[in-house]
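Asks: My structure file entry-v4.cif, mmCIF, C-alpha atoms, is below:
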```cif
data_protein
loop_
_atom_site.label_atom_id
_atom_site.label_comp_id
_atom_site.auth_asym_id
_atom_site.auth_seq_id
_atom_site.Cartn_x
_atom_site.Cartn_y
_atom_site.Cartn_z
CA MET D 25 -137.14 -33.25 -211.51
CA PRO D 26 -138.91 -29.92 -212.04
CA GLN D 27 -142.68 -29.90 -212.20
CA VAL D 28 -143.15 -29.63 -215.95
CA PRO D 29 -146.01 -27.20 -216.69
CA ALA D 30 -146.82 -29.01 -219.93
CA SER D 31 -147.58 -32.21 -218.04
CA PRO D 32 -151.13 -32.64 -216.70
CA LEU D 33 -149.65 -34.71 -213.86
CA PHE D 34 -149.23 -31.58 -211.75
CA ASP D 35 -152.56 -30.03 -212.72
CA LEU D 36 -155.18 -32.65 -211.88
CA GLY D 37 -158.57 -31.63 -210.50
CA GLN D 38 -158.79 -34.05 -207.56
CA LEU D 39 -155.17 -35.12 -207.10
CA ASP D 40 -152.50 -32.83 -205.65
CA VAL D 41 -149.14 -34.06 -206.97
CA SER D 42 -145.65 -32.83 -206.06
CA TRP D 43 -142.11 -34.03 -206.70
CA ASP D 44 -139.59 -34.53 -203.88
CA ASP D 45 -136.15 -34.50 -205.44
CA ASP D 46 -134.33 -35.38 -202.22
CA LEU D 47 -136.31 -38.57 -201.70
CA LYS D 48 -136.89 -39.28 -205.41
CA ALA D 49 -140.54 -39.53 -204.43
CA LEU D 50 -143.80 -38.44 -205.97
CA TRP D 51 -146.29 -37.31 -203.33
CA THR D 52 -149.97 -37.44 -204.27
CA PHE D 53 -152.93 -36.43 -202.11
CA MET D 54 -156.57 -36.92 -203.01
CA THR D 55 -158.53 -33.64 -202.92
CA PRO D 56 -162.10 -34.81 -203.61
CA ASN D 57 -164.81 -32.55 -204.92
CA GLY D 58 -167.62 -33.17 -202.45
CA ARG D 59 -167.85 -36.58 -200.82
CA PRO D 60 -164.43 -38.27 -200.35
CA SER D 61 -165.18 -41.20 -202.65
CA PHE D 62 -164.00 -42.47 -206.02
CA ASN D 63 -166.27 -40.38 -208.23
CA LEU D 64 -165.94 -40.68 -212.00
CA PRO D 65 -163.85 -37.49 -212.47
CA MET D 66 -161.42 -38.74 -209.81
CA LEU D 67 -161.12 -42.09 -211.60
CA ARG D 68 -160.28 -40.17 -214.78
CA ASP D 69 -157.66 -38.21 -212.82
CA PHE D 70 -156.14 -41.48 -211.66
CA ASP D 71 -155.96 -42.69 -215.27
CA VAL D 72 -154.05 -39.56 -216.28
CA TRP D 73 -151.90 -39.80 -213.14
CA GLN D 74 -150.81 -43.32 -213.99
CA ASP D 75 -150.27 -42.57 -217.69
CA GLU D 76 -148.17 -39.49 -216.97
CA ILE D 77 -146.07 -41.20 -214.30
CA SER D 78 -145.29 -43.97 -216.79
CA ARG D 79 -144.40 -41.39 -219.44
CA LEU D 80 -142.29 -39.07 -217.30
CA TYR D 81 -140.53 -41.70 -215.20
CA GLY D 82 -140.31 -44.60 -217.64
CA ASP D 83 -137.23 -46.02 -219.34
CA ASP D 84 -136.02 -42.66 -220.66
CA GLY D 85 -137.45 -40.50 -217.88
CA GLU D 86 -136.32 -39.19 -214.52
CA GLU D 87 -135.54 -41.51 -211.64
CA LEU D 88 -138.52 -42.29 -209.43
CA ARG D 89 -138.15 -44.53 -206.40
CA TYR D 90 -141.25 -44.00 -204.26
CA LEU D 91 -144.87 -43.24 -205.09
CA ILE D 92 -147.05 -42.09 -202.19
CA LEU D 93 -150.83 -41.66 -202.05
CA GLY D 94 -152.60 -39.93 -199.17
CA SER D 95 -155.63 -37.70 -198.72
CA ARG D 96 -156.13 -34.03 -197.90
CA PHE D 97 -159.69 -34.60 -196.69
CA PRO D 98 -159.63 -34.27 -192.87
CA GLY D 99 -160.28 -37.58 -191.16
CA VAL D 100 -160.95 -39.58 -194.33
CA TRP D 101 -158.58 -41.39 -196.69
CA ASN D 102 -161.43 -42.52 -198.93
CA PHE D 103 -164.93 -43.92 -198.47
CA GLY D 104 -164.59 -45.95 -201.66
CA GLY D 105 -167.21 -46.39 -204.35
CA ASP D 106 -169.56 -43.58 -205.29
CA LEU D 107 -172.71 -44.85 -203.54
CA GLY D 108 -174.86 -42.09 -204.96
CA LEU D 109 -173.89 -43.13 -208.47
CA PHE D 110 -174.45 -46.81 -207.62
CA SER D 111 -177.94 -46.04 -206.33
CA LYS D 112 -178.78 -44.20 -209.55
CA TYR D 113 -177.51 -47.06 -211.72
CA ILE D 114 -179.37 -49.67 -209.67
CA ARG D 115 -182.66 -47.78 -209.73
CA ASN D 116 -182.29 -47.44 -213.50
CA GLY D 117 -181.42 -51.14 -213.90
CA ASP D 118 -178.19 -50.05 -215.58
CA ARG D 119 -175.99 -53.12 -215.20
CA GLN D 120 -173.51 -52.06 -217.86
CA SER D 121 -172.65 -48.80 -216.09
CA LEU D 122 -172.06 -50.71 -212.84
CA VAL D 123 -169.74 -53.11 -214.66
CA ASP D 124 -167.97 -50.24 -216.45
CA TYR D 125 -167.35 -48.47 -213.14
CA GLY D 126 -165.99 -51.62 -211.50
CA GLN D 127 -163.76 -52.46 -214.42
CA ALA D 128 -162.39 -48.90 -214.49
CA CYS D 129 -161.45 -49.29 -210.82
CA ASN D 130 -159.86 -52.67 -211.51
CA THR D 131 -157.70 -51.26 -214.30
CA ILE D 132 -156.32 -48.61 -211.96
CA LEU D 133 -155.93 -51.15 -209.13
CA THR D 134 -154.08 -53.63 -211.33
CA ARG D 135 -151.63 -51.04 -212.64
CA ASN D 136 -150.91 -49.93 -209.08
CA MET D 137 -150.39 -53.55 -207.96
CA ARG D 138 -147.76 -53.81 -210.72
CA ALA D 139 -146.22 -50.53 -209.53
CA LEU D 140 -146.83 -49.23 -213.07
CA ASP D 141 -144.10 -51.65 -214.21
CA LEU D 142 -141.53 -49.21 -212.84
CA PRO D 143 -138.72 -49.90 -210.33
CA ILE D 144 -140.59 -48.16 -207.53
CA VAL D 145 -142.04 -48.87 -204.11
CA THR D 146 -145.64 -47.71 -203.63
CA ILE D 147 -146.79 -46.34 -200.27
CA GLY D 148 -150.33 -45.77 -199.01
CA LEU D 149 -150.45 -43.11 -196.29
CA VAL D 150 -153.62 -43.38 -194.19
CA GLN D 151 -154.74 -40.47 -192.03
CA GLY D 152 -158.39 -41.14 -191.25
CA GLN D 153 -161.00 -43.63 -192.46
CA ALA D 154 -160.39 -46.04 -195.35
CA LEU D 155 -163.67 -47.84 -195.97
CA GLY D 156 -165.07 -50.04 -198.72
CA GLY D 157 -163.29 -49.33 -201.98
CA GLY D 158 -160.85 -47.11 -200.11
CA PHE D 159 -159.72 -50.13 -198.09
CA GLU D 160 -159.58 -52.20 -201.30
CA ALA D 161 -157.45 -49.59 -203.05
CA LEU D 162 -154.96 -49.56 -200.19
CA MET D 163 -154.40 -53.29 -200.55
CA SER D 164 -152.75 -52.61 -203.91
CA PHE D 165 -149.84 -50.72 -202.31
CA ASN D 166 -146.54 -52.32 -201.33
CA VAL D 167 -146.38 -50.52 -197.98
CA ILE D 168 -149.16 -49.05 -195.84
CA ILE D 169 -148.28 -46.47 -193.20
CA ALA D 170 -151.16 -45.47 -190.93
CA GLU D 171 -151.68 -43.00 -188.14
CA ARG D 172 -153.04 -44.60 -184.97
CA SER D 173 -156.51 -43.10 -185.24
CA ALA D 174 -157.03 -44.48 -188.77
CA LYS D 175 -159.96 -46.83 -189.30
CA PHE D 176 -160.48 -49.56 -191.91
CA GLY D 177 -163.51 -51.58 -192.90
CA LEU D 178 -165.71 -53.16 -195.54
CA PRO D 179 -169.26 -52.07 -194.64
CA GLU D 180 -171.00 -53.12 -197.87
CA ILE D 181 -172.69 -56.18 -196.34
CA ALA D 182 -174.82 -53.80 -194.22
CA PHE D 183 -176.85 -52.91 -197.31
CA GLY D 184 -176.78 -56.36 -198.90
CA LEU D 185 -173.75 -55.91 -201.13
CA PHE D 186 -170.08 -56.90 -200.94
CA PRO D 187 -166.81 -55.14 -201.85
CA GLY D 188 -166.44 -55.96 -205.53
CA MET D 189 -163.18 -54.31 -206.57
CA GLY D 190 -160.30 -56.26 -205.11
CA ALA D 191 -161.13 -57.28 -201.55
CA HIS D 192 -161.71 -60.99 -202.22
CA ALA D 193 -158.63 -61.38 -204.39
CA LEU D 194 -156.21 -59.36 -202.28
CA LEU D 195 -157.37 -60.30 -198.78
CA SER D 196 -157.55 -64.02 -199.63
CA ARG D 197 -153.94 -63.93 -200.73
CA ARG D 198 -152.78 -61.96 -197.70
CA LEU D 199 -154.90 -63.47 -194.93
CA GLY D 200 -156.22 -66.76 -196.30
CA PHE D 201 -159.63 -67.54 -197.74
CA ALA D 202 -161.51 -68.06 -194.45
CA LYS D 203 -160.21 -64.90 -192.79
CA ALA D 204 -160.93 -62.83 -195.88
CA GLU D 205 -164.53 -64.06 -196.00
CA GLN D 206 -164.91 -63.40 -192.29
CA MET D 207 -163.71 -59.82 -192.69
CA ILE D 208 -166.01 -59.20 -195.67
CA LEU D 209 -169.09 -60.76 -194.05
CA SER D 210 -168.63 -59.10 -190.66
CA GLY D 211 -168.72 -55.51 -191.89
CA LYS D 212 -166.51 -54.75 -188.90
CA THR D 213 -164.48 -51.56 -188.60
CA TYR D 214 -160.86 -52.19 -187.64
CA THR D 215 -158.42 -49.92 -185.86
CA ALA D 216 -154.99 -49.24 -187.31
CA GLU D 217 -153.47 -51.33 -184.52
CA GLU D 218 -155.72 -54.29 -185.37
CA MET D 219 -154.74 -53.97 -189.00
CA TYR D 220 -151.09 -53.87 -187.97
CA ASP D 221 -151.54 -57.07 -185.97
CA LEU D 222 -153.08 -58.69 -189.07
CA GLY D 223 -150.06 -57.63 -191.12
CA LEU D 224 -152.12 -55.41 -193.42
CA VAL D 225 -150.68 -52.18 -192.04
CA HIS D 226 -146.90 -52.23 -192.10
CA PHE D 227 -146.01 -49.23 -189.96
CA LEU D 228 -147.92 -47.33 -187.27
CA VAL D 229 -147.18 -43.70 -186.47
CA GLU D 230 -148.72 -41.22 -184.07
CA ASP D 231 -151.50 -38.92 -185.25
CA GLY D 232 -150.18 -35.96 -187.19
CA GLU D 233 -146.90 -37.73 -187.98
CA GLY D 234 -147.97 -39.62 -191.10
CA GLU D 235 -145.95 -37.64 -193.63
CA GLN D 236 -142.89 -37.69 -191.41
CA GLY D 237 -143.40 -41.43 -191.01
CA VAL D 238 -143.23 -41.82 -194.78
CA ARG D 239 -140.04 -39.76 -194.92
CA ASP D 240 -138.50 -41.83 -192.13
CA TYR D 241 -139.42 -45.07 -193.90
CA ILE D 242 -137.85 -43.87 -197.15
CA LYS D 243 -134.66 -42.65 -195.45
CA GLN D 244 -134.31 -45.92 -193.54
CA ASN D 245 -134.84 -48.02 -196.65
CA SER D 246 -133.33 -45.95 -199.46
CA ARG D 247 -130.07 -47.92 -199.37
CA ARG D 248 -132.11 -51.14 -199.73
CA HIS D 249 -134.46 -49.78 -202.37
CA ALA D 250 -133.45 -52.22 -205.12
CA GLY D 251 -133.85 -55.19 -202.78
CA ASN D 252 -137.16 -53.98 -201.39
CA HIS D 253 -138.56 -53.41 -204.87
CA ALA D 254 -137.37 -56.87 -205.93
CA VAL D 255 -139.12 -58.50 -202.96
CA PHE D 256 -142.42 -56.84 -203.84
CA LYS D 257 -141.99 -57.75 -207.50
CA ALA D 258 -141.26 -61.36 -206.56
CA SER D 259 -144.36 -61.43 -204.36
CA ARG D 260 -146.45 -60.51 -207.39
CA GLU D 261 -145.03 -63.57 -209.15
CA VAL D 262 -145.86 -65.80 -206.18
CA TRP D 263 -149.49 -64.64 -205.98
CA PRO D 264 -150.40 -62.93 -209.27
CA VAL D 265 -153.78 -61.25 -209.55
CA ALA D 266 -155.13 -61.25 -213.09
CA ILE D 267 -157.50 -58.50 -214.14
CA GLU D 268 -159.75 -61.22 -215.55
CA GLU D 269 -160.24 -62.51 -212.01
CA LEU D 270 -161.07 -59.05 -210.72
CA ASN D 271 -163.47 -58.35 -213.56
CA ALA D 272 -165.26 -61.68 -213.07
CA ILE D 273 -165.93 -60.62 -209.46
CA VAL D 274 -167.25 -57.26 -210.70
CA GLU D 275 -169.81 -59.13 -212.81
CA ILE D 276 -171.04 -60.92 -209.66
CA TRP D 277 -171.04 -57.61 -207.78
CA ALA D 278 -173.13 -55.89 -210.46
CA ASP D 279 -175.66 -58.74 -210.55
CA THR D 280 -175.93 -58.62 -206.76
CA ALA D 281 -176.38 -54.85 -206.77
CA LEU D 282 -179.35 -55.12 -209.10
CA LYS D 283 -181.05 -57.50 -206.62
CA LEU D 284 -180.90 -55.06 -203.69
CA LYS D 285 -184.20 -54.40 -201.93
CA GLU D 286 -185.73 -50.98 -201.49
CA SER D 287 -184.69 -51.01 -197.82
CA ASP D 288 -181.08 -51.67 -198.88
CA LEU D 289 -181.14 -48.79 -201.34
CA ARG D 290 -182.61 -46.45 -198.75
CA LEU D 291 -179.77 -47.37 -196.36
CA MET D 292 -177.23 -46.77 -199.12
CA GLU D 293 -178.79 -43.38 -199.82
CA ARG D 294 -178.75 -42.48 -196.12
CA LEU D 295 -175.01 -43.15 -196.14
CA VAL D 296 -174.68 -40.85 -199.15
CA ARG D 297 -176.51 -38.09 -197.26
CA ALA D 298 -174.29 -38.61 -194.22
CA GLN D 299 -171.16 -38.41 -196.37
CA THR D 300 -172.49 -35.30 -198.10
CA LYS D 301 -173.22 -33.67 -194.75
CA LEU D 302 -169.69 -34.48 -193.59
CA SER D 303 -168.27 -32.99 -196.78
CA ALA D 304 -170.21 -29.78 -196.25
CA LYS D 305 -169.13 -29.57 -192.62
CA ILE D 306 -165.46 -30.33 -193.23
CA SER D 307 -164.34 -28.49 -196.34
CA PRO D 308 -160.74 -29.38 -197.17
CA ASN D 309 -160.53 -26.73 -199.92
#
```
Could you write out this structure as structure tokens?

Replies:
Amino acid sequence: MPQVPASPLFDLGQLDVSWDDDLKALWTFMTPNGRPSFNLPMLRDFDVWQDEISRLYGDDGEELRYLILGSRFPGVWNFGGDLGLFSKYIRNGDRQSLVDYGQACNTILTRNMRALDLPIVTIGLVQGQALGGGFEALMSFNVIIAERSAKFGLPEIAFGLFPGMGAHALLSRRLGFAKAEQMILSGKTYTAEEMYDLGLVHFLVEDGEGEQGVRDYIKQNSRRHAGNHAVFKASREVWPVAIEELNAIVEIWADTALKLKESDLRLMERLVRAQTKLSAKISPN
């Protein structure tokens, strides 16, 4: 399918999208402005991304088999929620904006979990760190392919919060309730190999070979695409995740955020400064 100039899909500010006709795959790489987190403009880009994919590749559109999401930011897939924005909302006592942010994330997450209601297999390609909401977002993909140096974790407990956009729901279903709680409460950072042993990463590849690993996976499974898609669709029937469940957790998350102490907020803001410094040092653009 040619990249249609009239479609905003191929002209998004923080998402680099390209069509691979040989693989019938849509490659997407996050290209964050500043810190590699889910800032509000990026969330809006994801809304357009999902809407346009549904429009262009729906019932009367071109054939799409695989949807891939990676990152162009060196060493980071995504750090997750916009901590600087959270700190601002918390200091202003703005509960509604916290809830609105979380629910916006959940809408995108839920649509990705459903594979946009298209006959596709979704693939998360991890080259670098996937922390907090970045880790949560990855759990919505059918297949996760990670380079060996990739790191995963839910650090929110360090500043008195918890991951409020999918971790409880998705990890409990994949690992069991006790293991999910343990992972959330520990704040531990996991290697790609540890995640593979847990069954959360499906394929490990050597550093620098992530994109080729995706191509190899697609070529090895293209003949079984219909069956693979059906398995993932059936899994959603076995353990459905309703957006109402996710949004109820966001309400708890927002209430908890507003109870953070000054020391917690200062730690959150130090993380923001560290992320900003990294962004200035490593410019992907």

Asks: So which residues touch Pro65 (chain D) within 9 Å, counting only C-alpha atoms, skipping near sequence neighbours fewer than 5 positions away, as an mmCIF file with C-alpha atoms, in the frame of the given file?

Replies:
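Below you can see part_29.cif, which holds the result:
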```cif
data_model
loop_
_atom_site.group_PDB
_atom_site.id
_atom_site.type_symbol
_atom_site.label_atom_id
_atom_site.label_comp_id
_atom_site.auth_asym_id
_atom_site.auth_seq_id
_atom_site.Cartn_x
_atom_site.Cartn_y
_atom_site.Cartn_z
ATOM 1 C CA GLY D 37 -158.570 -31.630 -210.500
ATOM 2 C CA GLN D 38 -158.790 -34.050 -207.560
ATOM 3 C CA PHE D 70 -156.140 -41.480 -211.660
#
```

Asks: Can you tell me, as a PyMOL selection string, what residues are no more than 9 Å from Arg59 (chain D) when counting only C-alpha atoms, ignoring any on the same chain fewer than 3 positions away?

Replies: chain D and resi 56+62-63+102-103+106+296+299-304

Asks: Please measure the separation of CA of Ile267 (chain D) and CA of Thr280 (chain D), giving the value in Å to one decimal.

Replies: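 Computed distance, CA of Ile267 (chain D) to CA of Thr280 (chain D), equals 19.9 Å.
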
Asks: Using the chain letters and numbers from this file, what does the PyMOL selection byres ((chain D and resi 125) around 12) select? Give the answer as a PDB file with C-alpha atoms, in the coordinates of the input.

Replies:
```pdb
ATOM      1  CA  PHE D  62    -164.000 -42.470-206.020  1.00  0.00           C
ATOM      2  CA  ASN D  63    -166.270 -40.380-208.230  1.00  0.00           C
ATOM      3  CA  LEU D  64    -165.940 -40.680-212.000  1.00  0.00           C
ATOM      4  CA  PRO D  65    -163.850 -37.490-212.470  1.00  0.00           C
ATOM      5  CA  MET D  66    -161.420 -38.740-209.810  1.00  0.00           C
ATOM      6  CA  LEU D  67    -161.120 -42.090-211.600  1.00  0.00           C
ATOM      7  CA  ARG D  68    -160.280 -40.170-214.780  1.00  0.00           C
ATOM      8  CA  GLY D 105    -167.210 -46.390-204.350  1.00  0.00           C
ATOM      9  CA  ASP D 106    -169.560 -43.580-205.290  1.00  0.00           C
ATOM     10  CA  LEU D 107    -172.710 -44.850-203.540  1.00  0.00           C
ATOM     11  CA  LEU D 109    -173.890 -43.130-208.470  1.00  0.00           C
ATOM     12  CA  PHE D 110    -174.450 -46.810-207.620  1.00  0.00           C
ATOM     13  CA  TYR D 113    -177.510 -47.060-211.720  1.00  0.00           C
ATOM     14  CA  ASP D 118    -178.190 -50.050-215.580  1.00  0.00           C
ATOM     15  CA  ARG D 119    -175.990 -53.120-215.200  1.00  0.00           C
ATOM     16  CA  GLN D 120    -173.510 -52.060-217.860  1.00  0.00           C
ATOM     17  CA  SER D 121    -172.650 -48.800-216.090  1.00  0.00           C
ATOM     18  CA  LEU D 122    -172.060 -50.710-212.840  1.00  0.00           C
ATOM     19  CA  VAL D 123    -169.740 -53.110-214.660  1.00  0.00           C
ATOM     20  CA  ASP D 124    -167.970 -50.240-216.450  1.00  0.00           C
ATOM     21  CA  GLY D 126    -165.990 -51.620-211.500  1.00  0.00           C
ATOM     22  CA  GLN D 127    -163.760 -52.460-214.420  1.00  0.00           C
ATOM     23  CA  ALA D 128    -162.390 -48.900-214.490  1.00  0.00           C
ATOM     24  CA  CYS D 129    -161.450 -49.290-210.820  1.00  0.00           C
ATOM     25  CA  ASN D 130    -159.860 -52.670-211.510  1.00  0.00           C
ATOM     26  CA  THR D 131    -157.700 -51.260-214.300  1.00  0.00           C
ATOM     27  CA  ILE D 132    -156.320 -48.610-211.960  1.00  0.00           C
ATOM     28  CA  GLY D 157    -163.290 -49.330-201.980  1.00  0.00           C
ATOM     29  CA  GLY D 188    -166.440 -55.960-205.530  1.00  0.00           C
ATOM     30  CA  MET D 189    -163.180 -54.310-206.570  1.00  0.00           C
ATOM     31  CA  ASN D 271    -163.470 -58.350-213.560  1.00  0.00           C
ATOM     32  CA  VAL D 274    -167.250 -57.260-210.700  1.00  0.00           C
ATOM     33  CA  GLU D 275    -169.810 -59.130-212.810  1.00  0.00           C
ATOM     34  CA  TRP D 277    -171.040 -57.610-207.780  1.00  0.00           C
ATOM     35  CA  ALA D 278    -173.130 -55.890-210.460  1.00  0.00           C
TER      36      ALA D 278
END
```

Asks: Between D:Gly232, D:Pro60, D:Gly117, D:Asp44, which has the minimum distance to Ala298 (chain D) (counting only C-alpha atoms)?

Replies: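 Of all the options, D:Pro60 lies closest to Ala298 (chain D).
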
Asks: If I take CA of Thr213 (chain D) and CA of Tyr90 (chain D), how far is one from the other in Å, to one decimal?

Replies: 29.0 Å

Asks: If you apply the PyMOL selection byres ((chain D and resi 87) around 12) to this file, what residues do you get, as number ranges by chain?

Replies: D: 25, 43-50, 77-86, 88-91, 142-144

Asks: Quick one: residues within 12 Å of Leu291 (chain D), all atoms listed in the file, excluding same-chain residues fewer than 2 positions away - as a PDB file with C-alpha atoms, in the coordinates of the input?

Replies:
```pdb
ATOM      1  CA  LEU D 107    -172.710 -44.850-203.540  1.00  0.00           C
ATOM      2  CA  GLY D 108    -174.860 -42.090-204.960  1.00  0.00           C
ATOM      3  CA  SER D 111    -177.940 -46.040-206.330  1.00  0.00           C
ATOM      4  CA  PRO D 179    -169.260 -52.070-194.640  1.00  0.00           C
ATOM      5  CA  GLU D 180    -171.000 -53.120-197.870  1.00  0.00           C
ATOM      6  CA  ILE D 181    -172.690 -56.180-196.340  1.00  0.00           C
ATOM      7  CA  ALA D 182    -174.820 -53.800-194.220  1.00  0.00           C
ATOM      8  CA  PHE D 183    -176.850 -52.910-197.310  1.00  0.00           C
ATOM      9  CA  GLY D 184    -176.780 -56.360-198.900  1.00  0.00           C
ATOM     10  CA  LEU D 185    -173.750 -55.910-201.130  1.00  0.00           C
ATOM     11  CA  LEU D 284    -180.900 -55.060-203.690  1.00  0.00           C
ATOM     12  CA  LYS D 285    -184.200 -54.400-201.930  1.00  0.00           C
ATOM     13  CA  GLU D 286    -185.730 -50.980-201.490  1.00  0.00           C
ATOM     14  CA  SER D 287    -184.690 -51.010-197.820  1.00  0.00           C
ATOM     15  CA  ASP D 288    -181.080 -51.670-198.880  1.00  0.00           C
ATOM     16  CA  LEU D 289    -181.140 -48.790-201.340  1.00  0.00           C
ATOM     17  CA  GLU D 293    -178.790 -43.380-199.820  1.00  0.00           C
ATOM     18  CA  ARG D 294    -178.750 -42.480-196.120  1.00  0.00           C
ATOM     19  CA  LEU D 295    -175.010 -43.150-196.140  1.00  0.00           C
ATOM     20  CA  VAL D 296    -174.680 -40.850-199.150  1.00  0.00           C
ATOM     21  CA  ARG D 297    -176.510 -38.090-197.260  1.00  0.00           C
ATOM     22  CA  ALA D 298    -174.290 -38.610-194.220  1.00  0.00           C
TER      23      ALA D 298
END
```

Asks: What residues have an atom no more than 12 Å from (-165.2, -63.0, -201.7) in the file's own frame, counting all atoms listed in the file, and can you write them as an NGL selection string?

Replies: :D and (178 or 181 or 185-197 or 200-209 or 269-270 or 272-274 or 276-277)

Asks: I want to know what sits within 6 Å of Leu93 (chain D), based on all atoms listed in the file, with residues of the same chain fewer than 4 positions away left out; could you give that as a ChimeraX atom specification?

Replies: /D:52-53,148-149

Asks: Could you check which of D:Val225, D:Pro32, D:Phe97, D:Asn136 is closest to Asn57 (chain D), using all atoms listed in the file?

Replies: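 Of the candidates, the smallest distance to Asn57 (chain D) is held by D:Phe97.
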
Asks: Check what the PyMOL selection byres ((chain D and resi 234) around 9) selects in the file above and give those residues as a PyMOL selection string.

Replies: chain D and resi 149-151+169-171+228-233+235-239

Asks: For the atom pair CA of Phe256 (chain D) and CA of Phe176 (chain D), what is the interatomic distance in Å to one decimal place?

Replies: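 Atom-to-atom, CA of Phe256 (chain D) to CA of Phe176 (chain D), that is 22.8 Å.
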